[in-house]
Amino acid sequence: VVRNQQVSWFIPTEIKQTMLIIFIYTRYLDNQINSVLRQERNTDQQQLVIVAAGLDARVFRMQSLLNSTGTTTFEIDFPNMLVAKREIFAASGFSYKDIMSKERGYTVRHVESDLTVPNLWREELIRQGFDPSQRTVWLIEGFTGYLTNPELDIFLKTLTKLSAQSSVLLSTWIESDSPTKTSMHRSFANDPSSIVEPFGWSEIDVQSVHSAGDRMGRKGGSDHFTMSCHEKKM
């Protein structure tokens, strides 16, 4: 049996660093989702919206939590991406048919749309059953940096209008001096609160991947990626 430590010798340092960053912010976001959805509230229904869902597996990994808290999950992404996702997961033994069925109350719904076109994704989200009057947890993981600043402003403005009071915004951000930024990154945030607070979101927690990793006992996380949790107060 080859030990994990021995295997790690064959992984380039850059890839190990990326894997560590992904581990830390995934665990951070999972913990925040778990905490928020379990909070006492005045309704038995709430919503989780996973923006640019890609191959995110939380509807399976956190299925028990989502079911026990009466949470309907909406995954938003391009139509071709969501079609491919359903096929890939089914081939791996995780069928979306089982969790998107009428018998299960449609607790998971796919919103096939382009997130850079606000009217388009907003209307499709509502068409799929999203209720703006319900408390919503918005998960925006690895997405903000790929929008231009004007696109990000429009996206946040649209999202905010769809958010009831006490909704929560969970996001990840890349800083302007990050050594891993690419030509695909178009916007940066050294202070996420300064970006979302003008839209009516109050800071609950903001941490760098480095500081969050230290608290998890995972040393070596980057200072150039930030995770944030904000609540809608207005």
# chains A, B, ... in the order shown; residues from 1 in each chain; ligands from 1
>>> select_by_dssp(residues="region 14-214 of chain A", states="strand (DSSP E or B)", output="PyMOL selection string")
chain A and resi 46-51+71-77+108-112+136-140+168-174+201-208
>>> write_last_selection(atoms="N, CA, C and O atoms", output="short mmCIF file (atom, residue, chain, number, x, y, z; two decimals), in the first residue's frame")
data_model
loop_
_atom_site.label_atom_id
_atom_site.label_comp_id
_atom_site.auth_asym_id
_atom_site.auth_seq_id
_atom_site.Cartn_x
_atom_site.Cartn_y
_atom_site.Cartn_z
N GLN A 46 -37.11 26.93 2.77
CA GLN A 46 -36.03 27.85 2.42
C GLN A 46 -35.37 27.35 1.15
O GLN A 46 -35.66 26.25 0.67
N GLN A 47 -34.49 28.17 0.61
CA GLN A 47 -33.93 27.88 -0.70
C GLN A 47 -32.42 28.02 -0.70
O GLN A 47 -31.86 28.88 -0.01
N LEU A 48 -31.77 27.16 -1.48
CA LEU A 48 -30.33 27.26 -1.73
C LEU A 48 -30.16 27.40 -3.23
O LEU A 48 -30.66 26.57 -4.01
N VAL A 49 -29.46 28.46 -3.65
CA VAL A 49 -29.19 28.66 -5.07
C VAL A 49 -27.68 28.54 -5.29
O VAL A 49 -26.90 29.30 -4.71
N ILE A 50 -27.28 27.55 -6.10
CA ILE A 50 -25.87 27.34 -6.41
C ILE A 50 -25.61 27.95 -7.76
O ILE A 50 -26.06 27.46 -8.80
N VAL A 51 -24.89 29.06 -7.75
CA VAL A 51 -24.64 29.83 -8.97
C VAL A 51 -23.44 29.25 -9.72
O VAL A 51 -22.43 28.91 -9.11
N THR A 71 -35.20 22.40 2.40
CA THR A 71 -34.52 23.29 1.46
C THR A 71 -34.68 22.82 0.02
O THR A 71 -34.37 21.68 -0.30
N THR A 72 -35.17 23.71 -0.82
CA THR A 72 -35.21 23.45 -2.26
C THR A 72 -33.94 24.04 -2.87
O THR A 72 -33.61 25.20 -2.61
N THR A 73 -33.24 23.25 -3.66
CA THR A 73 -31.97 23.69 -4.24
C THR A 73 -32.12 23.96 -5.73
O THR A 73 -32.66 23.13 -6.47
N PHE A 74 -31.61 25.11 -6.15
CA PHE A 74 -31.61 25.48 -7.56
C PHE A 74 -30.16 25.55 -8.03
O PHE A 74 -29.35 26.28 -7.44
N GLU A 75 -29.83 24.81 -9.07
CA GLU A 75 -28.50 24.87 -9.67
C GLU A 75 -28.60 25.62 -10.99
O GLU A 75 -29.35 25.22 -11.88
N ILE A 76 -27.82 26.71 -11.10
CA ILE A 76 -27.86 27.53 -12.31
C ILE A 76 -26.57 27.35 -13.11
O ILE A 76 -25.47 27.45 -12.56
N ASP A 77 -26.71 27.11 -14.40
CA ASP A 77 -25.56 27.06 -15.29
C ASP A 77 -26.06 27.00 -16.74
O ASP A 77 -27.26 26.92 -16.99
N VAL A 108 -34.78 19.46 -5.96
CA VAL A 108 -33.64 19.98 -6.73
C VAL A 108 -34.13 20.35 -8.12
O VAL A 108 -34.81 19.57 -8.78
N ARG A 109 -33.77 21.55 -8.55
CA ARG A 109 -34.23 22.02 -9.86
C ARG A 109 -33.06 22.64 -10.62
O ARG A 109 -32.23 23.34 -10.03
N HIS A 110 -33.02 22.37 -11.91
CA HIS A 110 -31.97 22.90 -12.76
C HIS A 110 -32.48 24.13 -13.51
O HIS A 110 -33.55 24.09 -14.12
N VAL A 111 -31.69 25.18 -13.44
CA VAL A 111 -32.02 26.44 -14.11
C VAL A 111 -31.00 26.63 -15.23
O VAL A 111 -29.85 26.99 -14.99
N GLU A 112 -31.43 26.35 -16.44
CA GLU A 112 -30.53 26.39 -17.59
C GLU A 112 -30.56 27.80 -18.19
O GLU A 112 -31.53 28.20 -18.81
N THR A 136 -33.28 32.79 1.31
CA THR A 136 -32.44 32.09 0.34
C THR A 136 -30.97 32.16 0.74
O THR A 136 -30.49 33.20 1.20
N VAL A 137 -30.28 31.06 0.57
CA VAL A 137 -28.82 31.04 0.69
C VAL A 137 -28.26 31.00 -0.73
O VAL A 137 -28.54 30.07 -1.49
N TRP A 138 -27.51 32.03 -1.08
CA TRP A 138 -26.88 32.11 -2.40
C TRP A 138 -25.43 31.63 -2.28
O TRP A 138 -24.67 32.18 -1.47
N LEU A 139 -25.05 30.64 -3.05
CA LEU A 139 -23.68 30.14 -3.05
C LEU A 139 -23.02 30.55 -4.36
O LEU A 139 -23.40 30.10 -5.43
N ILE A 140 -22.00 31.41 -4.24
CA ILE A 140 -21.28 31.90 -5.42
C ILE A 140 -19.81 31.52 -5.25
O ILE A 140 -19.01 32.26 -4.66
N VAL A 168 -28.86 34.90 2.83
CA VAL A 168 -27.42 34.86 3.07
C VAL A 168 -26.67 34.71 1.76
O VAL A 168 -27.08 33.95 0.87
N LEU A 169 -25.58 35.44 1.64
CA LEU A 169 -24.74 35.42 0.45
C LEU A 169 -23.36 34.85 0.82
O LEU A 169 -22.63 35.44 1.62
N LEU A 170 -23.05 33.68 0.27
CA LEU A 170 -21.75 33.04 0.48
C LEU A 170 -20.94 33.13 -0.80
O LEU A 170 -21.41 32.67 -1.85
N SER A 171 -19.75 33.69 -0.71
CA SER A 171 -18.97 33.94 -1.94
C SER A 171 -17.49 33.65 -1.74
O SER A 171 -16.97 33.69 -0.62
N THR A 172 -16.82 33.39 -2.86
CA THR A 172 -15.36 33.33 -2.86
C THR A 172 -14.85 34.40 -3.81
O THR A 172 -15.50 34.74 -4.81
N TRP A 173 -13.65 34.92 -3.50
CA TRP A 173 -13.11 36.05 -4.25
C TRP A 173 -11.60 35.86 -4.47
O TRP A 173 -10.92 35.28 -3.62
N ILE A 174 -11.11 36.38 -5.57
CA ILE A 174 -9.67 36.37 -5.84
C ILE A 174 -9.16 37.80 -5.73
O ILE A 174 -9.82 38.75 -6.18
N TRP A 201 -26.13 44.18 1.91
CA TRP A 201 -25.67 42.97 2.59
C TRP A 201 -24.71 43.34 3.72
O TRP A 201 -23.76 44.08 3.51
N SER A 202 -24.96 42.80 4.91
CA SER A 202 -24.12 43.10 6.08
C SER A 202 -23.16 41.95 6.34
O SER A 202 -23.53 40.78 6.27
N GLU A 203 -21.95 42.30 6.70
CA GLU A 203 -20.91 41.30 6.90
C GLU A 203 -21.17 40.44 8.14
O GLU A 203 -21.45 40.94 9.21
N ILE A 204 -21.09 39.13 7.95
CA ILE A 204 -21.10 38.18 9.06
C ILE A 204 -19.70 37.65 9.29
O ILE A 204 -19.21 37.57 10.42
N ASP A 205 -19.02 37.30 8.21
CA ASP A 205 -17.68 36.74 8.34
C ASP A 205 -16.93 36.90 7.01
O ASP A 205 -17.51 36.69 5.94
N VAL A 206 -15.66 37.29 7.11
CA VAL A 206 -14.78 37.35 5.94
C VAL A 206 -13.43 36.79 6.37
O VAL A 206 -12.86 37.24 7.37
N GLN A 207 -12.94 35.80 5.63
CA GLN A 207 -11.66 35.18 5.97
C GLN A 207 -10.86 34.88 4.72
O GLN A 207 -11.43 34.53 3.68
N SER A 208 -9.55 34.99 4.83
CA SER A 208 -8.70 34.52 3.75
C SER A 208 -8.60 33.01 3.84
O SER A 208 -8.85 32.42 4.90
#
>>> closest_atom_pairs(of="region 65-125 of chain A", to="region 23-35 of chain A", cutoff="10 Å", atoms="only C-alpha atoms", output="CSV")
residue,atom,partner,partner_atom,distance
A:Leu65,CA,A:Asn34,CA,7.2
A:Leu66,CA,A:Asn34,CA,8.9
A:Thr69,CA,A:Asn34,CA,9.7
>>> closest_residue(among="A:Val59, A:Val83, A:Ile21, A:Ala164", to="His224 (chain A)", atoms="only C-alpha atoms")
A:Ile21
>>> residues_around(residues="region 113-127 of chain A", least_positions_apart="5", cutoff="12 Å", atoms="only C-alpha atoms", output="PyMOL selection string")
chain A and resi 47-53+73-83+132-133+140+143-144+146-163
>>> write_last_selection(atoms="C-alpha atoms", output="PDB file, in the first residue's frame")
ATOM      1  CA  GLN A  47     -33.933  27.882  -0.699  1.00  0.00           C
ATOM      2  CA  LEU A  48     -30.333  27.257  -1.732  1.00  0.00           C
ATOM      3  CA  VAL A  49     -29.188  28.664  -5.072  1.00  0.00           C
ATOM      4  CA  ILE A  50     -25.869  27.338  -6.411  1.00  0.00           C
ATOM      5  CA  VAL A  51     -24.637  29.834  -8.966  1.00  0.00           C
ATOM      6  CA  ALA A  52     -22.527  28.536 -11.880  1.00  0.00           C
ATOM      7  CA  ALA A  53     -23.043  25.071 -10.413  1.00  0.00           C
ATOM      8  CA  THR A  73     -31.972  23.690  -4.241  1.00  0.00           C
ATOM      9  CA  PHE A  74     -31.610  25.478  -7.560  1.00  0.00           C
ATOM     10  CA  GLU A  75     -28.499  24.870  -9.668  1.00  0.00           C
ATOM     11  CA  ILE A  76     -27.862  27.532 -12.312  1.00  0.00           C
ATOM     12  CA  ASP A  77     -25.556  27.064 -15.289  1.00  0.00           C
ATOM     13  CA  PHE A  78     -25.467  26.905 -19.086  1.00  0.00           C
ATOM     14  CA  PRO A  79     -27.879  24.332 -20.580  1.00  0.00           C
ATOM     15  CA  ASN A  80     -25.099  22.186 -22.082  1.00  0.00           C
ATOM     16  CA  MET A  81     -23.240  22.174 -18.766  1.00  0.00           C
ATOM     17  CA  LEU A  82     -26.238  20.918 -16.808  1.00  0.00           C
ATOM     18  CA  VAL A  83     -27.055  18.266 -19.421  1.00  0.00           C
ATOM     19  CA  PRO A 132     -38.336  35.671  -3.821  1.00  0.00           C
ATOM     20  CA  SER A 133     -40.349  35.926  -0.598  1.00  0.00           C
ATOM     21  CA  ILE A 140     -21.279  31.903  -5.416  1.00  0.00           C
ATOM     22  CA  PHE A 143     -17.503  32.783 -10.133  1.00  0.00           C
ATOM     23  CA  THR A 144     -17.126  36.451  -9.210  1.00  0.00           C
ATOM     24  CA  TYR A 146     -14.800  35.846 -14.168  1.00  0.00           C
ATOM     25  CA  LEU A 147     -17.237  38.761 -14.471  1.00  0.00           C
ATOM     26  CA  THR A 148     -16.260  42.277 -15.444  1.00  0.00           C
ATOM     27  CA  ASN A 149     -16.942  44.897 -12.778  1.00  0.00           C
ATOM     28  CA  PRO A 150     -20.107  46.134 -14.560  1.00  0.00           C
ATOM     29  CA  GLU A 151     -21.321  42.541 -14.991  1.00  0.00           C
ATOM     30  CA  LEU A 152     -20.684  41.837 -11.308  1.00  0.00           C
ATOM     31  CA  ASP A 153     -22.627  44.953 -10.278  1.00  0.00           C
ATOM     32  CA  ILE A 154     -25.609  43.963 -12.425  1.00  0.00           C
ATOM     33  CA  PHE A 155     -25.448  40.384 -11.164  1.00  0.00           C
ATOM     34  CA  LEU A 156     -25.441  41.491  -7.507  1.00  0.00           C
ATOM     35  CA  LYS A 157     -28.219  43.991  -8.123  1.00  0.00           C
ATOM     36  CA  THR A 158     -30.384  41.276  -9.714  1.00  0.00           C
ATOM     37  CA  LEU A 159     -29.596  38.777  -6.973  1.00  0.00           C
ATOM     38  CA  THR A 160     -30.406  41.298  -4.251  1.00  0.00           C
ATOM     39  CA  LYS A 161     -33.813  42.101  -5.721  1.00  0.00           C
ATOM     40  CA  LEU A 162     -34.613  38.375  -5.554  1.00  0.00           C
ATOM     41  CA  SER A 163     -33.544  38.085  -1.902  1.00  0.00           C
TER      42      SER A 163
END
>>> atom_distance(atom1="CA of Lys233 (chain A)", atom2="CA of Ser166 (chain A)")
6.1 Å
>>> select_by_dssp(residues="region 22-192 of chain A", states="helix (DSSP H, G or I)", output="PyMOL selection string")
chain A and resi 22-37+58-61+63-68+79-91+96-99+118-127+144-146+149-161+192
>>> atom_distance(atom1="CA of Ser64 (chain A)", atom2="CA of Ser228 (chain A)")
24.5 Å
>>> closest_residue(among="A:Ile99, A:Ala90, A:Met227, A:Leu55", to="Ala189 (chain A)", atoms="only C-alpha atoms")
A:Met227
>>> closest_residue(among="A:Thr107, A:Phe94, A:Phe188, A:Met100", to="Arg61 (chain A)", atoms="only C-alpha atoms")
A:Phe94
>>> closest_residue(among="A:Lys219, A:Lys97, A:Lys16, A:Lys232", to="Arg135 (chain A)", atoms="only C-alpha atoms")
A:Lys232
>>> atom_distance(atom1="CA of Gln134 (chain A)", atom2="CA of Ser167 (chain A)")
8.2 Å
>>> closest_residue(among="A:Gln165, A:Ser101, A:Ser211, A:Thr226", to="Pro192 (chain A)", atoms="only C-alpha atoms")
A:Thr226
